[in-house]
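J.: Below is the file structure-v8.cif, which contains mmCIF, C-alpha atoms.
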data_protein
#
loop_
_atom_site.group_PDB
_atom_site.id
_atom_site.type_symbol
_atom_site.label_atom_id
_atom_site.label_comp_id
_atom_site.auth_asym_id
_atom_site.auth_seq_id
_atom_site.Cartn_x
_atom_site.Cartn_y
_atom_site.Cartn_z
ATOM 1 C CA MET A 19 1.018 33.455 -3.289
ATOM 2 C CA ILE A 20 2.845 30.144 -3.689
ATOM 3 C CA GLU A 21 5.118 29.691 -6.707
ATOM 4 C CA VAL A 22 6.627 26.283 -7.438
ATOM 5 C CA LYS A 23 9.584 26.440 -9.826
ATOM 6 C CA ASN A 24 11.151 23.433 -11.557
ATOM 7 C CA ILE A 25 10.558 21.031 -8.676
ATOM 8 C CA SER A 26 11.864 17.490 -9.165
ATOM 9 C CA LYS A 27 11.808 14.675 -6.626
ATOM 10 C CA SER A 28 13.109 11.109 -6.681
ATOM 11 C CA TYR A 29 13.727 8.277 -4.228
ATOM 12 C CA PHE A 30 16.108 5.339 -4.102
ATOM 13 C CA VAL A 31 14.117 2.094 -4.165
ATOM 14 C CA LYS A 32 16.057 -1.191 -4.024
ATOM 15 C CA GLY A 33 19.169 0.483 -5.354
ATOM 16 C CA LYS A 34 17.359 2.280 -8.185
ATOM 17 C CA ARG A 35 16.513 5.973 -8.389
ATOM 18 C CA ILE A 36 12.794 6.385 -9.109
ATOM 19 C CA THR A 37 11.666 9.825 -10.262
ATOM 20 C CA ILE A 38 8.284 10.869 -8.856
ATOM 21 C CA LEU A 39 8.057 14.496 -10.003
ATOM 22 C CA LYS A 40 9.976 16.117 -12.859
ATOM 23 C CA ASN A 41 10.305 19.870 -13.478
ATOM 24 C CA ILE A 42 6.987 20.799 -11.854
ATOM 25 C CA ASN A 43 5.880 24.437 -12.265
ATOM 26 C CA PHE A 44 2.730 26.219 -11.079
ATOM 27 C CA LYS A 45 1.555 29.255 -9.149
ATOM 28 C CA ILE A 46 -1.256 29.557 -6.598
ATOM 29 C CA GLU A 47 -2.654 33.019 -5.994
ATOM 30 C CA ASN A 48 -3.680 34.402 -2.613
ATOM 31 C CA ASN A 49 -7.138 33.317 -1.404
ATOM 32 C CA GLU A 50 -7.271 30.524 -3.981
ATOM 33 C CA SER A 51 -7.980 26.875 -3.160
ATOM 34 C CA ILE A 52 -6.600 24.134 -5.389
ATOM 35 C CA ALA A 53 -7.533 20.497 -5.986
ATOM 36 C CA LEU A 54 -4.547 18.182 -6.456
ATOM 37 C CA LEU A 55 -5.487 15.145 -8.569
ATOM 38 C CA GLY A 56 -3.701 12.054 -9.834
ATOM 39 C CA LYS A 57 -3.699 8.271 -9.724
ATOM 40 C CA ASN A 58 -2.348 6.355 -6.730
ATOM 41 C CA GLY A 59 1.407 6.768 -6.693
ATOM 42 C CA ALA A 60 1.341 9.803 -8.991
ATOM 43 C CA GLY A 61 3.081 11.985 -6.387
ATOM 44 C CA LYS A 62 0.255 13.940 -4.752
ATOM 45 C CA SER A 63 1.329 13.243 -1.164
ATOM 46 C CA THR A 64 4.967 13.820 -2.087
ATOM 47 C CA LEU A 65 4.140 17.250 -3.509
ATOM 48 C CA ILE A 66 2.007 18.075 -0.453
ATOM 49 C CA ARG A 67 4.921 17.213 1.852
ATOM 50 C CA ILE A 68 7.343 19.314 -0.211
ATOM 51 C CA ILE A 69 5.030 22.338 -0.154
ATOM 52 C CA GLY A 70 4.574 21.876 3.600
ATOM 53 C CA GLY A 71 8.332 21.647 4.199
ATOM 54 C CA MET A 72 8.244 18.046 5.404
ATOM 55 C CA GLU A 73 10.511 16.992 2.524
ATOM 56 C CA LEU A 74 13.011 18.772 0.308
ATOM 57 C CA PRO A 75 12.961 18.554 -3.494
ATOM 58 C CA ASP A 76 15.986 17.274 -5.389
ATOM 59 C CA THR A 77 15.964 20.443 -7.497
ATOM 60 C CA GLY A 78 13.849 23.564 -7.822
ATOM 61 C CA SER A 79 12.421 26.015 -5.321
ATOM 62 C CA ILE A 80 9.220 27.266 -3.718
ATOM 63 C CA LYS A 81 8.515 30.972 -3.221
ATOM 64 C CA LYS A 82 5.731 31.998 -0.867
ATOM 65 C CA ASP A 83 4.388 35.073 0.876
ATOM 66 C CA CYS A 84 1.904 33.252 3.091
ATOM 67 C CA SER A 85 1.906 30.817 5.996
ATOM 68 C CA ILE A 86 1.400 27.159 5.042
ATOM 69 C CA SER A 87 0.388 24.358 7.382
ATOM 70 C CA TRP A 88 1.992 20.960 7.606
ATOM 71 C CA PRO A 89 -0.301 18.278 6.101
ATOM 72 C CA VAL A 90 -3.401 18.330 8.321
ATOM 73 C CA GLY A 91 -3.477 15.333 10.631
ATOM 74 C CA PHE A 92 0.150 14.442 9.913
ATOM 75 C CA ALA A 93 2.075 13.272 13.004
ATOM 76 C CA ILE A 94 4.522 16.155 13.071
ATOM 77 C CA GLY A 95 7.277 14.561 15.112
ATOM 78 C CA PHE A 96 5.531 14.357 18.450
ATOM 79 C CA GLN A 97 7.916 13.563 21.285
ATOM 80 C CA GLY A 98 6.692 10.275 22.735
ATOM 81 C CA SER A 99 7.796 10.980 26.301
ATOM 82 C CA LEU A 100 5.864 14.265 26.389
ATOM 83 C CA SER A 101 2.127 14.557 26.853
ATOM 84 C CA ALA A 102 -0.232 15.917 24.197
ATOM 85 C CA LYS A 103 -0.397 19.116 26.261
ATOM 86 C CA GLU A 104 3.390 19.503 26.286
ATOM 87 C CA ASN A 105 3.682 18.691 22.578
ATOM 88 C CA ALA A 106 0.965 21.244 21.781
ATOM 89 C CA GLU A 107 2.754 23.879 23.884
ATOM 90 C CA PHE A 108 6.011 23.214 22.026
ATOM 91 C CA VAL A 109 4.418 23.562 18.575
ATOM 92 C CA ALA A 110 2.473 26.641 19.684
ATOM 93 C CA ARG A 111 5.718 28.327 20.781
ATOM 94 C CA ILE A 112 7.236 27.724 17.351
ATOM 95 C CA TYR A 113 4.339 29.454 15.606
ATOM 96 C CA HIS A 114 3.440 32.070 18.235
ATOM 97 C CA SER A 115 6.801 32.780 19.915
ATOM 98 C CA ASN A 116 6.286 33.025 23.674
ATOM 99 C CA LYS A 117 2.877 34.691 23.788
ATOM 100 C CA LYS A 118 1.511 32.817 26.780
ATOM 101 C CA SER A 119 -2.079 33.828 26.101
ATOM 102 C CA GLU A 120 -1.926 32.466 22.523
ATOM 103 C CA ILE A 121 -0.200 29.268 23.622
ATOM 104 C CA LYS A 122 -2.859 28.701 26.272
ATOM 105 C CA LYS A 123 -5.661 29.210 23.708
ATOM 106 C CA ILE A 124 -4.096 26.725 21.284
ATOM 107 C CA VAL A 125 -3.586 24.079 23.972
ATOM 108 C CA GLN A 126 -7.195 24.505 25.110
ATOM 109 C CA LYS A 127 -8.435 24.112 21.507
ATOM 110 C CA VAL A 128 -6.424 20.904 21.095
ATOM 111 C CA TYR A 129 -7.692 19.545 24.409
ATOM 112 C CA GLU A 130 -11.340 20.218 23.553
ATOM 113 C CA PHE A 131 -11.172 19.012 19.963
ATOM 114 C CA ALA A 132 -9.138 15.836 20.570
ATOM 115 C CA ASP A 133 -11.467 14.878 23.428
ATOM 116 C CA ILE A 134 -9.202 12.205 24.946
ATOM 117 C CA GLY A 135 -9.784 13.172 28.581
ATOM 118 C CA GLU A 136 -6.992 12.659 31.110
ATOM 119 C CA TYR A 137 -4.788 11.009 28.489
ATOM 120 C CA PHE A 138 -4.093 14.553 27.295
ATOM 121 C CA TYR A 139 -1.669 14.854 30.235
ATOM 122 C CA MET A 140 -0.033 11.449 29.773
ATOM 123 C CA PRO A 141 2.945 10.530 27.522
ATOM 124 C CA PHE A 142 2.057 10.519 23.824
ATOM 125 C CA LYS A 143 3.689 7.100 23.366
ATOM 126 C CA THR A 144 1.000 5.532 25.567
ATOM 127 C CA TYR A 145 -1.813 6.550 23.172
ATOM 128 C CA SER A 146 -3.626 4.261 20.777
ATOM 129 C CA SER A 147 -3.307 5.051 17.061
ATOM 130 C CA GLY A 148 -6.795 6.549 17.142
ATOM 131 C CA MET A 149 -5.909 8.871 20.006
ATOM 132 C CA LYS A 150 -2.714 9.943 18.253
ATOM 133 C CA GLY A 151 -4.749 10.743 15.157
ATOM 134 C CA ARG A 152 -7.202 12.820 17.181
ATOM 135 C CA VAL A 153 -4.417 14.886 18.744
ATOM 136 C CA SER A 154 -2.603 15.321 15.416
ATOM 137 C CA PHE A 155 -5.741 16.513 13.672
ATOM 138 C CA ALA A 156 -6.707 18.792 16.554
ATOM 139 C CA LEU A 157 -3.293 20.460 16.626
ATOM 140 C CA SER A 158 -3.323 20.929 12.848
ATOM 141 C CA LEU A 159 -6.580 22.847 13.096
ATOM 142 C CA ALA A 160 -5.647 24.832 16.224
ATOM 143 C CA ILE A 161 -2.850 26.815 14.536
ATOM 144 C CA ASN A 162 -3.920 29.613 12.186
ATOM 145 C CA PHE A 163 -2.476 29.401 8.656
ATOM 146 C CA ASP A 164 -3.213 31.204 5.395
ATOM 147 C CA VAL A 165 -3.117 27.891 3.491
ATOM 148 C CA TYR A 166 -3.959 24.433 4.831
ATOM 149 C CA LEU A 167 -2.625 21.275 3.201
ATOM 150 C CA LEU A 168 -5.230 18.519 3.165
ATOM 151 C CA ASP A 169 -3.957 15.112 2.139
ATOM 152 C CA GLU A 170 -7.378 13.459 1.989
ATOM 153 C CA LEU A 171 -10.491 15.104 3.445
ATOM 154 C CA THR A 172 -10.869 12.452 6.104
ATOM 155 C CA ALA A 173 -9.654 11.947 9.649
ATOM 156 C CA THR A 174 -9.028 8.968 11.871
ATOM 157 C CA GLY A 175 -11.495 8.088 14.576
ATOM 158 C CA ASP A 176 -15.140 7.188 14.863
ATOM 159 C CA ALA A 177 -17.948 8.610 12.751
ATOM 160 C CA ALA A 178 -18.696 11.398 15.237
ATOM 161 C CA PHE A 179 -15.075 12.582 15.250
ATOM 162 C CA LYS A 180 -14.867 12.479 11.434
ATOM 163 C CA LYS A 181 -18.019 14.576 11.233
ATOM 164 C CA LYS A 182 -16.543 17.080 13.691
ATOM 165 C CA CYS A 183 -13.381 17.306 11.561
ATOM 166 C CA LYS A 184 -15.334 17.970 8.373
ATOM 167 C CA THR A 185 -17.349 20.692 10.130
ATOM 168 C CA ALA A 186 -14.121 22.310 11.382
ATOM 169 C CA ILE A 187 -12.587 22.238 7.886
ATOM 170 C CA LYS A 188 -15.669 23.928 6.425
ATOM 171 C CA SER A 189 -15.322 26.633 9.060
ATOM 172 C CA LEU A 190 -11.641 27.119 8.182
ATOM 173 C CA TYR A 191 -12.538 27.600 4.532
ATOM 174 C CA LYS A 192 -14.264 30.873 5.407
ATOM 175 C CA LYS A 193 -10.924 32.463 6.326
ATOM 176 C CA SER A 194 -8.188 30.333 4.728
ATOM 177 C CA SER A 195 -7.288 28.556 1.487
ATOM 178 C CA PHE A 196 -6.748 24.841 0.856
ATOM 179 C CA ILE A 197 -4.553 22.624 -1.262
ATOM 180 C CA ILE A 198 -6.496 19.348 -1.320
ATOM 181 C CA ALA A 199 -5.118 15.985 -2.419
ATOM 182 C CA THR A 200 -7.902 13.436 -2.243
ATOM 183 C CA HIS A 201 -9.624 10.482 -3.897
ATOM 184 C CA ASP A 202 -12.991 11.727 -2.611
ATOM 185 C CA LEU A 203 -14.072 13.885 -5.549
ATOM 186 C CA THR A 204 -17.525 14.807 -4.281
ATOM 187 C CA ASN A 205 -16.692 18.079 -2.511
ATOM 188 C CA LEU A 206 -13.811 19.424 -4.587
ATOM 189 C CA LYS A 207 -15.949 21.767 -6.690
ATOM 190 C CA GLU A 208 -17.351 23.224 -3.477
ATOM 191 C CA TYR A 209 -13.899 24.162 -2.175
ATOM 192 C CA CYS A 210 -11.614 24.645 -5.182
ATOM 193 C CA GLN A 211 -11.289 27.273 -7.910
ATOM 194 C CA ARG A 212 -8.654 25.441 -9.968
ATOM 195 C CA ALA A 213 -7.088 21.984 -10.188
ATOM 196 C CA LEU A 214 -3.658 20.473 -10.721
ATOM 197 C CA LEU A 215 -3.440 17.031 -12.307
ATOM 198 C CA ILE A 216 -0.257 14.970 -11.873
ATOM 199 C CA HIS A 217 0.360 12.413 -14.597
ATOM 200 C CA LYS A 218 3.589 10.778 -15.753
ATOM 201 C CA LYS A 219 5.707 12.879 -13.364
ATOM 202 C CA THR A 220 4.475 16.217 -14.769
ATOM 203 C CA ILE A 221 1.594 18.502 -13.916
ATOM 204 C CA SER A 222 -1.257 20.095 -15.861
ATOM 205 C CA VAL A 223 -3.117 23.176 -14.625
ATOM 206 C CA TYR A 224 -6.911 23.410 -15.094
ATOM 207 C CA THR A 225 -8.954 26.555 -14.597
ATOM 208 C CA ASP A 226 -12.100 24.417 -14.856
ATOM 209 C CA VAL A 227 -12.306 21.940 -11.951
ATOM 210 C CA GLU A 228 -15.013 19.946 -13.713
ATOM 211 C CA GLU A 229 -12.752 19.422 -16.728
ATOM 212 C CA ALA A 230 -9.893 18.325 -14.455
ATOM 213 C CA LEU A 231 -12.149 15.829 -12.682
ATOM 214 C CA HIS A 232 -13.295 14.433 -16.050
ATOM 215 C CA GLN A 233 -9.688 13.960 -17.175
ATOM 216 C CA HIS A 234 -8.718 12.429 -13.820
ATOM 217 C CA LYS A 235 -11.566 9.890 -14.032
ATOM 218 C CA LYS A 236 -10.422 8.897 -17.527
ATOM 219 C CA LEU A 237 -6.872 8.284 -16.277
ATOM 220 C CA ILE A 238 -7.855 6.120 -13.310
ATOM 221 C CA LYS A 239 -9.859 3.876 -15.635
ATOM 222 C CA VAL A 240 -6.837 3.182 -17.830
#
What does the file become when written as structure tokens?

T.:
Amino acid sequence: MIEVKNISKSYFVKGKRITILKNINFKIENNESIALLGKNGAGKSTLIRIIGGMELPDTGSIKKDCSISWPVGFAIGFQGSLSAKENAEFVARIYHSNKKSEIKKIVQKVYEFADIGEYFYMPFKTYSSGMKGRVSFALSLAINFDVYLLDELTATGDAAFKKKCKTAIKSLYKKSSFIIATHDLTNLKEYCQRALLIHKKTISVYTDVEEALHQHKKLIKV
């Protein structure tokens, strides 16, 4: 269960405080996947980062009794002087203590999925943006979470890699839940049981995903 209570978030932009989210409240039950909808700039990615612990809200709190991923594919502070292997080992230790067998499995999964060859053992700062994206996505999927945060259902890389990512996400759905923020509306009904729609800094909860999509489409046409 994830319970968001009175979350507000603002940023200073050119000396002015701009409020993005104001007194947001909702609850997500266990084994429930949610679509997060809203126009560009509505605050979807901001809310995803707050739920994932990448940012703190100005006010409010989040209660949870489940493990939540960072936003899938997000560059989670990789150390540039370390290799992808070393970065993966570091993150694996955080989530699996010092279980060497688990750490080894995670590193092997990242190596196979990222498919960057010998670069896997070279400093992360030497990678192209595409290679960094491959490693980030691979590591996101290699750690087991109860809930995965998907900020867009796409991944960087060529068509073959994107297809592999979508296949992996479908496989994850069999054992985990998603919170999905995306502009690609085609697959949301397949994954999600409810929807949250952000509009004018507040949020509306929909038990009917189709109704939420209809309302979202009306708003983006305005």

J.: I need the residue nearest Leu54 (chain A) from this list: A:Val223, A:Ala177, A:Ile42, A:Val90. Use all atoms listed in the file for the distance.

T.: A:Val223

J.: Spell out the residues picked by the PyMOL selection byres ((chain A and resi 226) around 12) here, as a PyMOL selection string.

T.: chain A and resi 52-53+206-207+210-215+222-225+227-233

J.: Would you list the contacts of Lys219 (chain A) as a list in words, taking every protein, DNA or RNA residue within 9 Å and counting all atoms listed in the file, but skipping same-chain residues closer than 6 positions in sequence?

T.: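 Surrounding residues, per the criterion: Ser26, Thr37, Ile38, Leu39, Lys40, Asn41, Ile42, Ala60 and Gly61 of chain A.
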
J.: Provide the CA of Val125 (chain A) to CA of Ser154 (chain A) distance in Å, to one decimal place.

T.: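 Result for CA of Val125 (chain A) versus CA of Ser154 (chain A): 12.3 Å, one decimal.
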
J.: Can you spell out as a list in words the set of residues that the PyMOL selection byres ((chain A and resi 76-89) around 6) selects in the structure I just provided?

T.: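 Applying the PyMOL selection byres ((chain A and resi 76-89) around 6) to the structure shown produces Met19, Ile20, Glu21, Val22, Lys23, Asn24, Ile25, Ser26, Lys27, Gly70, Pro75, Val90, Phe92, Phe163, Asp164, Val165, Tyr166, Leu167 and Leu168 of chain A.
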
J.: Could you dump the residues just selected with C-alpha atoms as a CSV table (one decimal), in the frame of the given file?

T.:
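Result file out.csv:
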chain,number,residue,atom,x,y,z
A,19,MET,CA,1.0,33.5,-3.3
A,20,ILE,CA,2.8,30.1,-3.7
A,21,GLU,CA,5.1,29.7,-6.7
A,22,VAL,CA,6.6,26.3,-7.4
A,23,LYS,CA,9.6,26.4,-9.8
A,24,ASN,CA,11.2,23.4,-11.6
A,25,ILE,CA,10.6,21.0,-8.7
A,26,SER,CA,11.9,17.5,-9.2
A,27,LYS,CA,11.8,14.7,-6.6
A,70,GLY,CA,4.6,21.9,3.6
A,75,PRO,CA,13.0,18.6,-3.5
A,90,VAL,CA,-3.4,18.3,8.3
A,92,PHE,CA,0.2,14.4,9.9
A,163,PHE,CA,-2.5,29.4,8.7
A,164,ASP,CA,-3.2,31.2,5.4
A,165,VAL,CA,-3.1,27.9,3.5
A,166,TYR,CA,-4.0,24.4,4.8
A,167,LEU,CA,-2.6,21.3,3.2
A,168,LEU,CA,-5.2,18.5,3.2

J.: Running the PyMOL selection byres ((chain A and resi 150) around 12) on this model by hand, what would come out? Give it as an mmCIF file with C-alpha atoms, keeping the file's coordinate frame.

T.:
data_model
loop_
_atom_site.group_PDB
_atom_site.id
_atom_site.type_symbol
_atom_site.label_atom_id
_atom_site.label_comp_id
_atom_site.auth_asym_id
_atom_site.auth_seq_id
_atom_site.Cartn_x
_atom_site.Cartn_y
_atom_site.Cartn_z
ATOM 1 C CA GLY A 91 -3.477 15.333 10.631
ATOM 2 C CA PHE A 92 0.150 14.442 9.913
ATOM 3 C CA ALA A 93 2.075 13.272 13.004
ATOM 4 C CA ILE A 94 4.522 16.155 13.071
ATOM 5 C CA GLY A 95 7.277 14.561 15.112
ATOM 6 C CA PHE A 96 5.531 14.357 18.450
ATOM 7 C CA GLN A 97 7.916 13.563 21.285
ATOM 8 C CA GLY A 98 6.692 10.275 22.735
ATOM 9 C CA SER A 101 2.127 14.557 26.853
ATOM 10 C CA ALA A 102 -0.232 15.917 24.197
ATOM 11 C CA ASN A 105 3.682 18.691 22.578
ATOM 12 C CA VAL A 128 -6.424 20.904 21.095
ATOM 13 C CA ALA A 132 -9.138 15.836 20.570
ATOM 14 C CA ASP A 133 -11.467 14.878 23.428
ATOM 15 C CA ILE A 134 -9.202 12.205 24.946
ATOM 16 C CA TYR A 137 -4.788 11.009 28.489
ATOM 17 C CA PHE A 138 -4.093 14.553 27.295
ATOM 18 C CA MET A 140 -0.033 11.449 29.773
ATOM 19 C CA PRO A 141 2.945 10.530 27.522
ATOM 20 C CA PHE A 142 2.057 10.519 23.824
ATOM 21 C CA LYS A 143 3.689 7.100 23.366
ATOM 22 C CA THR A 144 1.000 5.532 25.567
ATOM 23 C CA TYR A 145 -1.813 6.550 23.172
ATOM 24 C CA SER A 146 -3.626 4.261 20.777
ATOM 25 C CA SER A 147 -3.307 5.051 17.061
ATOM 26 C CA GLY A 148 -6.795 6.549 17.142
ATOM 27 C CA MET A 149 -5.909 8.871 20.006
ATOM 28 C CA GLY A 151 -4.749 10.743 15.157
ATOM 29 C CA ARG A 152 -7.202 12.820 17.181
ATOM 30 C CA VAL A 153 -4.417 14.886 18.744
ATOM 31 C CA SER A 154 -2.603 15.321 15.416
ATOM 32 C CA PHE A 155 -5.741 16.513 13.672
ATOM 33 C CA ALA A 156 -6.707 18.792 16.554
ATOM 34 C CA LEU A 157 -3.293 20.460 16.626
ATOM 35 C CA ALA A 173 -9.654 11.947 9.649
ATOM 36 C CA THR A 174 -9.028 8.968 11.871
ATOM 37 C CA GLY A 175 -11.495 8.088 14.576
#

J.: Name the closest residue to Ser99 (chain A) among the candidates A:Tyr209, A:Tyr113, A:Phe131, A:Tyr139; distances are taken between atoms, counting all atoms listed in the file.

T.: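 The shortest atom-to-atom distance to Ser99 (chain A) comes from A:Tyr139.
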
J.: Could you tell me how far CA of Ile66 (chain A) lies from CA of Asp169 (chain A), in Å and to one decimal?

T.: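 It comes out at 7.1 Å.
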
J.: Around all listed atoms of region 41-51 of chain A, padded 6 Å per side, what centre and edge lengths does the axis-aligned box have in Å to one decimal, as JSON?

T.:
{"center_x": 1.2, "center_y": 27.1, "center_z": -7.4, "size_x": 30.3, "size_y": 26.5, "size_z": 24.1}

J.: What does the distance from CA of Lys127 (chain A) to CA of Ala160 (chain A) come to in Å, to one decimal?

T.: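 Separating CA of Lys127 (chain A) from CA of Ala160 (chain A) is a distance of 6.0 Å.
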
J.: Considering only C-alpha atoms, can you say which of A:Ala178, A:Ile36, A:Ile112, A:Ile124 comes closest to Ser158 (chain A)?

T.: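 Ranked by minimum distance to Ser158 (chain A), first place goes to A:Ile124.
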